[in-house]
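Asker: Submitted below is the structure of interest, expressed as structure tokens.
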Protein chains: 2
Amino acid sequence: MRPLVHPAIEDVPLEAILHALGDPTRVAIYAGILASEKPQSCNAFAHLNEQPIPKSTLSEHFKVLREAGLIRSERSGVEMKNSSRCGELETRFPGLVTAILNAHKKQLEEQVRVEQAARRKSKRG
Amino acid sequence: MRPLVHPAIEDVPLEAILHALGDPTRVAIYAGILASEKPQSCNAFAHLNEQPIPKSTLSEHFKVLREAGLIRSERSGVEMKNSSRCGELETRFPGLVTAILNAHKKQLEEQVRVEQAARRKSKRG
DNA sequence: TCAGTTGTTCGAATCTCCCGAACTACAGGA
DNA sequence: TCCTGTAGTTCGGGAGATTCGAACAACTGA
């Protein structure tokens with residue numbers, strides 16, 4: 001097993017960040033890590049909106065987030081502690097992470113509204 | 001030739017925007033369109049930092065930007081007028097485009113500094 | 001009508017992404 | 001110490017996306 005790679009925050013290109021968060025699963029994971037106070041294990045995201053994510057895929061997603069400078073991962077016994085590097089990123093690209101997460105949150109709320117409307121419609125027949 | 005497709009801004013997923021701008025060529029094009037007052041033709045970006053971009057690739061990039069709701073394209077005679085939809089996007093995802101473009105600008109300035117330092121170094125031998 | 005310009009489409013090579021199978025690494029018993 | 005279970009990684013192949021040259025379409029002006 002190779003050691004975990006964490007780039008220096010100055011070496012992270014903007015494109016890597018946008019590419020990493022330009023995937024629905026990865027924004028969701030990143031938002032989840034940011035939302036919780038304690039570091040999260042990879043396995044905490046094994047299910048995302050009721051869909052299971054294969055372990056190998058999950059591992060790959062965390063690697064992308066890590067190498068884009070978005071998260072820091074530390075092995076701790078059998079599992080991994082993933083925490084966000086949003087503080088460092090904020091100094092490098094001010095406002096970027098916040099804007100993306102606000103957008104993500106807004107989109108989630110929209111989806112919930114749409115689904116509720118669909119349920120009401122199907123209930124009426 | 002198919003007609004140009006422009007999604008309604010409410011139908012554009014965040015992921016499409018991040019994916020579109022998560023490519024060095026495309027952010028550069030988008031930044032160029034935003035920076036200029038008048039709509040720009042595709043051909044205006046046929047060279048990007050002294051590198052030629054093949055026409056077919058360029059056409060593909062504009063298609064991605066267009067279908068991510070980032071730009072509006074109108075045929076005008078033999079060429080195309082591309083303008084940004086940043087106003088609409090601002091109402092949907094406030095602060096997003098601004099944050100990304102600020103980050104892009106900062107990164108550009110960094111690159112210029114690094115290149116200047118390299119030139120000074122090679123001049124000294 | 002013809003030449004020149006701008007951009008699109010097609011197809012093939014290449015690259016990337018996803019996921020199952022097999023693996024490593026560690027913890028807590030028995 | 002060995003065994004079992006859990007967390008995460010690596011590998012390889014198939015599916016899908018990207019890139020780009022060649023051929024094409026659409027328009028302008030001579």
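Going through the structure tokens in order, the chains are called A, B, and so on, while each chain numbers its residues from 1 and the ligands are numbered from 1 in the order shown.
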Kindly determine which residues of chain A lie within 9 Å of chain C, considering only C-alpha atoms (C1' of nucleotides), and give the answer as a list in words.
Answerer: Met1, Pro54, Lys55, Ser56, Thr57, Gly77, Val78 and Glu79 of chain A
Asker: As a count of residues only, please: every residue in chain B that a backbone DSSP assignment puts in helix (DSSP H, G or I).
Answerer: 76
Asker: Compile the residues of chain A that lie within 9 Å of chain B, evaluated using only C-alpha atoms, and express the compilation as a PyMOL selection string.
Answerer: chain A and resi 13-24+27+92-100+102-104+106-107
Asker: Compute the chain A side of the contact with chain D at 12 Å, counting only C-alpha atoms (C1' of nucleotides), and hand it back as a PyMOL selection string.
Answerer: chain A and resi 1-4+41-44+46+54-60+62-63+73-81
Asker: As an exercise, work out the distance from atom CA of Ile9 of chain A to atom CA of Leu34 of chain B in Å and give it to one decimal place.
Answerer: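 About the pair atom CA of Ile9 of chain A and atom CA of Leu34 of chain B: they are 27.1 Å apart.
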Asker: Name the residues in contact with Ser84 of chain B at a cut-off of 9 Å, using only C-alpha atoms (C1' of nucleotides), excluding same-chain residues fewer than 2 positions from it; report them as a short mmCIF file (atom, residue, chain, number, x, y, z; two decimals) with C-alpha atoms, in the first residue's frame.
Answerer:
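Full text of around.cif as output:
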```
data_model
loop_
_atom_site.label_atom_id
_atom_site.label_comp_id
_atom_site.auth_asym_id
_atom_site.auth_seq_id
_atom_site.Cartn_x
_atom_site.Cartn_y
_atom_site.Cartn_z
CA TYR B 30 -14.84 31.38 -20.58
CA ILE B 33 -15.51 35.77 -23.15
CA LEU B 34 -16.35 37.38 -19.80
CA PRO B 39 -19.42 38.71 -28.01
CA GLY B 69 -25.47 27.09 -19.50
CA LEU B 70 -22.28 29.13 -19.29
CA ILE B 71 -22.45 30.80 -22.67
CA ARG B 72 -25.00 31.75 -25.30
CA SER B 73 -24.03 31.25 -28.96
CA ASN B 82 -20.52 33.84 -27.99
CA CYS B 86 -23.26 35.03 -16.08
CA GLY B 87 -26.25 37.18 -15.15
#
```
Asker: Extract the full set of strand (DSSP E) residues from segment 15-119 of chain A according to DSSP on the backbone, and format it as JSON, numbers by chain.
Answerer: {"A": [47, 48, 51, 52, 71, 72, 73, 74, 75, 76, 79, 80, 81, 82, 83, 84]}
Asker: What does the file look like for those residues with N, CA and C atoms, as an mmCIF file, in the first residue's frame?
Answerer:
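File produced: again.cif:
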```cif
data_model
loop_
_atom_site.group_PDB
_atom_site.id
_atom_site.type_symbol
_atom_site.label_atom_id
_atom_site.label_comp_id
_atom_site.auth_asym_id
_atom_site.auth_seq_id
_atom_site.Cartn_x
_atom_site.Cartn_y
_atom_site.Cartn_z
ATOM 1 N N HIS A 47 -23.230 4.373 1.469
ATOM 2 C CA HIS A 47 -24.551 4.557 0.854
ATOM 3 C C HIS A 47 -24.803 6.041 0.702
ATOM 4 N N LEU A 48 -25.240 6.446 -0.492
ATOM 5 C CA LEU A 48 -25.528 7.858 -0.741
ATOM 6 C C LEU A 48 -26.897 7.942 -1.384
ATOM 7 N N GLN A 51 -28.462 4.685 -2.395
ATOM 8 C CA GLN A 51 -27.746 3.880 -3.382
ATOM 9 C C GLN A 51 -26.422 3.423 -2.789
ATOM 10 N N PRO A 52 -26.128 2.107 -2.860
ATOM 11 C CA PRO A 52 -24.820 1.658 -2.390
ATOM 12 C C PRO A 52 -23.725 2.043 -3.385
ATOM 13 N N ILE A 71 -9.386 17.303 0.814
ATOM 14 C CA ILE A 71 -9.469 16.644 2.116
ATOM 15 C C ILE A 71 -8.102 16.142 2.568
ATOM 16 N N ARG A 72 -7.994 15.915 3.873
ATOM 17 C CA ARG A 72 -6.816 15.293 4.447
ATOM 18 C C ARG A 72 -7.244 13.951 5.020
ATOM 19 N N SER A 73 -6.480 12.889 4.718
ATOM 20 C CA SER A 73 -6.826 11.545 5.184
ATOM 21 C C SER A 73 -5.700 10.999 6.037
ATOM 22 N N GLU A 74 -6.065 10.437 7.181
ATOM 23 C CA GLU A 74 -5.081 9.802 8.050
ATOM 24 C C GLU A 74 -5.570 8.416 8.419
ATOM 25 N N ARG A 75 -4.689 7.444 8.264
ATOM 26 C CA ARG A 75 -5.050 6.103 8.703
ATOM 27 C C ARG A 75 -5.076 6.079 10.225
ATOM 28 N N SER A 76 -6.097 5.403 10.750
ATOM 29 C CA SER A 76 -6.238 5.300 12.196
ATOM 30 C C SER A 76 -6.783 3.916 12.477
ATOM 31 N N GLU A 79 -9.482 1.923 10.071
ATOM 32 C CA GLU A 79 -10.198 2.861 9.207
ATOM 33 C C GLU A 79 -9.416 4.143 8.963
ATOM 34 N N MET A 80 -10.091 5.111 8.337
ATOM 35 C CA MET A 80 -9.409 6.307 7.897
ATOM 36 C C MET A 80 -10.181 7.508 8.439
ATOM 37 N N LYS A 81 -9.437 8.531 8.825
ATOM 38 C CA LYS A 81 -10.103 9.754 9.267
ATOM 39 C C LYS A 81 -9.948 10.794 8.170
ATOM 40 N N ASN A 82 -11.060 11.203 7.591
ATOM 41 C CA ASN A 82 -11.042 12.208 6.529
ATOM 42 C C ASN A 82 -11.593 13.529 7.043
ATOM 43 N N SER A 83 -10.774 14.567 6.912
ATOM 44 C CA SER A 83 -11.249 15.896 7.312
ATOM 45 C C SER A 83 -11.000 16.860 6.156
ATOM 46 N N SER A 84 -11.736 17.973 6.147
ATOM 47 C CA SER A 84 -11.613 18.900 5.024
ATOM 48 C C SER A 84 -10.420 19.834 5.233
#
```
